[in-house]
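K.L.:
Let me begin by handing over the structure; questions about it come next.
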Amino acid sequence: MLVCLFDIDGTLLSSGGAGKAAMEQGMATAFGVPASAEGIPFSGRTDRAIVRDLFSRRGIADSPENWSRFVSAYLRHLPLCLTTHDGKVLPGIECLLEMLQERGDVAVGLLTGNLREGARLKLGHYGLFEHFAFGGFGDRHFQRDDVAREALAEVQRHLNCGVDCSRVWVIGDTPLDVQCARAIGARAVAVASGWTSLDDLAAAKPDLLLQSLCDPAPLLNLLSA
């Protein structure tokens, strides 16, 4: 069995800044503070790590209680932010997911820095959620590599068997996606559909480098090799 683990933001979709806006509004609702996320890196990172930086900027203790308060507020704001921001499914994604679904030899999951519920809301808003049965998420982990390890454990649970990591493909738009694939012995597809240049992605040495997923043939051919 082959496994494809997809990143969300910049790979499957662009939320038009909805996630960032919902985080800023969540901080204001939960703690009554203005909380610009300007200057805090988002690309390729986990929500848990991003919020730690937001807390630090505003002098808020990074405690379990404050994390829970933030998550509740963020998830309340995210659906409206998705509606009011100009997001989209990225070109070629719907066709690719449908083609993978038609195959009987590919398990499709997520490897994302998003919170599990945030991922469900984003993918549900764009009509993609039904394609993904399992995944690794950014609720607990500060490092992307640990999300990859969680995703691999979920693959094994979903398939109810061990997995040959050389048959696991991580598809993402940042060097951190390539790095976390290597952390679990998986192969990496880097796609310049997000905020990282083709040259910077090439420097990460993915197994396949694409400008976009508009044409799914290079990835599908690799899976069939």
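Residue numbers start at 1 in each chain; chains themselves are named A, B, ... in the order of the structure tokens; ligands are numbered from 1 in the order shown.
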Please return, as a list of chain:residue names, all residues of segment 63-206 of chain A that DSSP assigns to strand (DSSP E or B) on the basis of the backbone.

P.N.:
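Output for segment 63-206 of chain A, strand (DSSP E or B) only: A:Lys88, A:Val89, A:Val106, A:Ala107, A:Val108, A:Gly109, A:Leu110, A:Leu111, A:Gly135, A:Gly136, A:Val168, A:Trp169, A:Val170, A:Ile171, A:Gly172, A:Arg187, A:Ala188, A:Val189, A:Ala190, A:Val191.
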
K.L.:
Just the residues within 12 Å of Val33 of chain A, please, counting only C-alpha atoms, with nothing from its chain fewer than 2 positions along; format it as a PDB file with N, CA and C atoms, in the first residue's frame.

P.N.:
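After the write, around-v5.pdb holds the following:
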```pdb
ATOM      1  N   GLU A  24      -5.584  35.947  15.366  1.00  0.00           N
ATOM      2  CA  GLU A  24      -5.534  37.294  15.953  1.00  0.00           C
ATOM      3  C   GLU A  24      -6.825  37.604  16.701  1.00  0.00           C
ATOM      4  N   GLN A  25      -7.960  37.269  16.107  1.00  0.00           N
ATOM      5  CA  GLN A  25      -9.239  37.513  16.768  1.00  0.00           C
ATOM      6  C   GLN A  25      -9.412  36.616  17.991  1.00  0.00           C
ATOM      7  N   GLY A  26      -8.897  35.389  17.891  1.00  0.00           N
ATOM      8  CA  GLY A  26      -8.964  34.484  19.027  1.00  0.00           C
ATOM      9  C   GLY A  26      -8.182  35.013  20.213  1.00  0.00           C
ATOM     10  N   MET A  27      -7.008  35.586  19.962  1.00  0.00           N
ATOM     11  CA  MET A  27      -6.221  36.180  21.038  1.00  0.00           C
ATOM     12  C   MET A  27      -6.966  37.331  21.688  1.00  0.00           C
ATOM     13  N   ALA A  28      -7.578  38.164  20.864  1.00  0.00           N
ATOM     14  CA  ALA A  28      -8.312  39.305  21.403  1.00  0.00           C
ATOM     15  C   ALA A  28      -9.502  38.851  22.238  1.00  0.00           C
ATOM     16  N   THR A  29     -10.218  37.839  21.761  1.00  0.00           N
ATOM     17  CA  THR A  29     -11.385  37.338  22.485  1.00  0.00           C
ATOM     18  C   THR A  29     -10.978  36.655  23.793  1.00  0.00           C
ATOM     19  N   ALA A  30      -9.941  35.833  23.730  1.00  0.00           N
ATOM     20  CA  ALA A  30      -9.561  35.038  24.901  1.00  0.00           C
ATOM     21  C   ALA A  30      -8.865  35.865  25.970  1.00  0.00           C
ATOM     22  N   PHE A  31      -8.079  36.875  25.551  1.00  0.00           N
ATOM     23  CA  PHE A  31      -7.229  37.562  26.521  1.00  0.00           C
ATOM     24  C   PHE A  31      -7.405  39.078  26.532  1.00  0.00           C
ATOM     25  N   ALA A  35      -3.533  41.572  19.139  1.00  0.00           N
ATOM     26  CA  ALA A  35      -2.538  40.514  18.929  1.00  0.00           C
ATOM     27  C   ALA A  35      -2.206  40.363  17.460  1.00  0.00           C
ATOM     28  N   SER A  36      -1.488  41.326  16.902  1.00  0.00           N
ATOM     29  CA  SER A  36      -1.041  41.186  15.527  1.00  0.00           C
ATOM     30  C   SER A  36      -0.034  40.056  15.425  1.00  0.00           C
ATOM     31  N   LEU A  54       2.897  33.912  19.767  1.00  0.00           N
ATOM     32  CA  LEU A  54       1.902  34.951  20.056  1.00  0.00           C
ATOM     33  C   LEU A  54       1.811  35.213  21.559  1.00  0.00           C
ATOM     34  N   PHE A  55       1.798  34.148  22.346  1.00  0.00           N
ATOM     35  CA  PHE A  55       1.761  34.305  23.801  1.00  0.00           C
ATOM     36  C   PHE A  55       2.986  35.076  24.293  1.00  0.00           C
ATOM     37  N   ARG A  57       4.872  37.171  22.699  1.00  0.00           N
ATOM     38  CA  ARG A  57       4.822  38.573  22.279  1.00  0.00           C
ATOM     39  C   ARG A  57       3.969  39.411  23.218  1.00  0.00           C
ATOM     40  N   ARG A  58       2.898  38.813  23.735  1.00  0.00           N
ATOM     41  CA  ARG A  58       1.964  39.559  24.589  1.00  0.00           C
ATOM     42  C   ARG A  58       2.184  39.293  26.078  1.00  0.00           C
ATOM     43  N   GLY A  59       3.233  38.541  26.435  1.00  0.00           N
ATOM     44  CA  GLY A  59       3.516  38.279  27.836  1.00  0.00           C
ATOM     45  C   GLY A  59       2.498  37.378  28.507  1.00  0.00           C
ATOM     46  N   ILE A  60       1.907  36.476  27.738  1.00  0.00           N
ATOM     47  CA  ILE A  60       0.895  35.538  28.261  1.00  0.00           C
ATOM     48  C   ILE A  60       1.567  34.201  28.548  1.00  0.00           C
ATOM     49  N   PHE A  70      -7.379  29.818  24.272  1.00  0.00           N
ATOM     50  CA  PHE A  70      -7.107  30.288  22.923  1.00  0.00           C
ATOM     51  C   PHE A  70      -7.766  29.396  21.881  1.00  0.00           C
TER      52      PHE A  70
END
```

K.L.:
Can you tell me which residues surround segment 105-109 of chain A at a distance of at most 9 Å, considering only C-alpha atoms, apart from same-chain residues fewer than 6 positions away, and format the answer as a ChimeraX atom specification?

P.N.:
/A:1-6,97,131-136,151,154-155,158-159,223

K.L.:
From the set A:Ala203, A:Leu12, A:Leu209, A:Val191, which residue has the shortest atom-to-atom contact distance to Leu111 of chain A, counting only C-alpha atoms?

P.N.:
A:Leu12

K.L.:
A:Arg167, A:Gln156, A:Leu123, A:Asn114: which is nearest Ala225 of chain A, counting only C-alpha atoms?

P.N.:
A:Arg167

K.L.:
Quick one: residues within 7 Å of segment 175-183 of chain A, only C-alpha atoms counted, chain neighbours fewer than 5 positions away excluded, as a ChimeraX atom specification?

P.N.:
/A:44,144-145,148,170,188,190,201,204,206

K.L.:
Can you pull out the residues contacting Pro91 of chain A? Cut-off 7 Å, using only C-alpha atoms, and skip same-chain residues under 2 positions away; I want them as a PyMOL selection string.

P.N.:
chain A and resi 89+93+213-214

K.L.:
Between atom CA of Ser166 of chain A and atom CA of Gly185 of chain A, what is the distance in Å, rounded to a tenth?

P.N.:
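The value is 6.6 Å.
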
K.L.:
So, counting only C-alpha atoms, which residue among A:Cys81, A:Thr174, A:Val163, A:Phe129 is closest to Asp199 of chain A?

P.N.:
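Of all the options, A:Thr174 lies closest to Asp199 of chain A.
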
K.L.:
Give the helix (DSSP H, G or I) residues of chain A, as DSSP finds them on the backbone, and put them as a PyMOL selection string.

P.N.:
chain A and resi 18-31+47-58+64-84+93-102+116-125+129-131+144-159+165-167+175-183+198-203+217-224

K.L.:
Pick the closest to Leu219 of chain A from A:Leu110, A:Trp67, A:Ala192, A:Leu100: which is it, counting only C-alpha atoms?

P.N.:
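Between A:Leu110, A:Trp67, A:Ala192, A:Leu100, the residue approaching Leu219 of chain A most closely is A:Leu100.
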
K.L.:
Atom CA of Ser14 of chain A and atom CA of Phe142 of chain A, how far apart in Å?

P.N.:
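Between atom CA of Phe142 of chain A and atom CA of Ser14 of chain A the gap works out to 22.3 Å.
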
K.L.:
Please provide the set of residues having any atom within 9 Å of Leu78 of chain A, restricted to only C-alpha atoms, with same-chain residues fewer than 3 positions apart removed, written as a list in words.

P.N.:
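Surrounding residues, per the criterion: Ala18, Gly19, Ala21, Ala22, Met23, Gly26, Ala73, Tyr74, Leu75, Cys81, Leu82, Thr83, Gly118, Leu121 and Lys122 of chain A.
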
K.L.:
Just the number, please: distance in Å from atom CA of Ser43 of chain A to atom CA of Met99 of chain A, one decimal.

P.N.:
27.4 Å

K.L.:
Give the answer as one residue: which of A:Lys20, A:Gly32, A:Leu222, A:Leu152 has the shortest atom-to-atom distance to His77 of chain A, using only C-alpha atoms?

P.N.:
A:Lys20

K.L.:
Would you mind telling me which residue in A:Gly162, A:Gly172, A:Gly138, A:Gly92 lies nearest to Val51 of chain A when using only C-alpha atoms?

P.N.:
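For Val51 of chain A, the nearest of the candidates is A:Gly138.
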
K.L.:
Find the residues near Asp139 of chain A: any atom within 8 Å, counting only C-alpha atoms, skip ones fewer than 4 places away on the same chain, and give them as a list in words.

P.N.:
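Here the qualifying residues turn out to be Thr46, Asp47, Arg48, Gly113, Asn114, Leu115 and Arg116 of chain A.
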
K.L.:
Atoms to include: C-alpha atoms. Write the selected residues as a CSV table (one decimal), in the first residue's frame.

P.N.:
```
chain,number,residue,atom,x,y,z
A,46,THR,CA,2.6,24.0,13.8
A,47,ASP,CA,-0.3,26.0,15.3
A,48,ARG,CA,1.1,25.1,18.7
A,113,GLY,CA,0.6,22.0,11.4
A,114,ASN,CA,-3.1,22.9,11.7
A,115,LEU,CA,-5.1,21.9,14.8
A,116,ARG,CA,-7.2,18.8,14.1
```
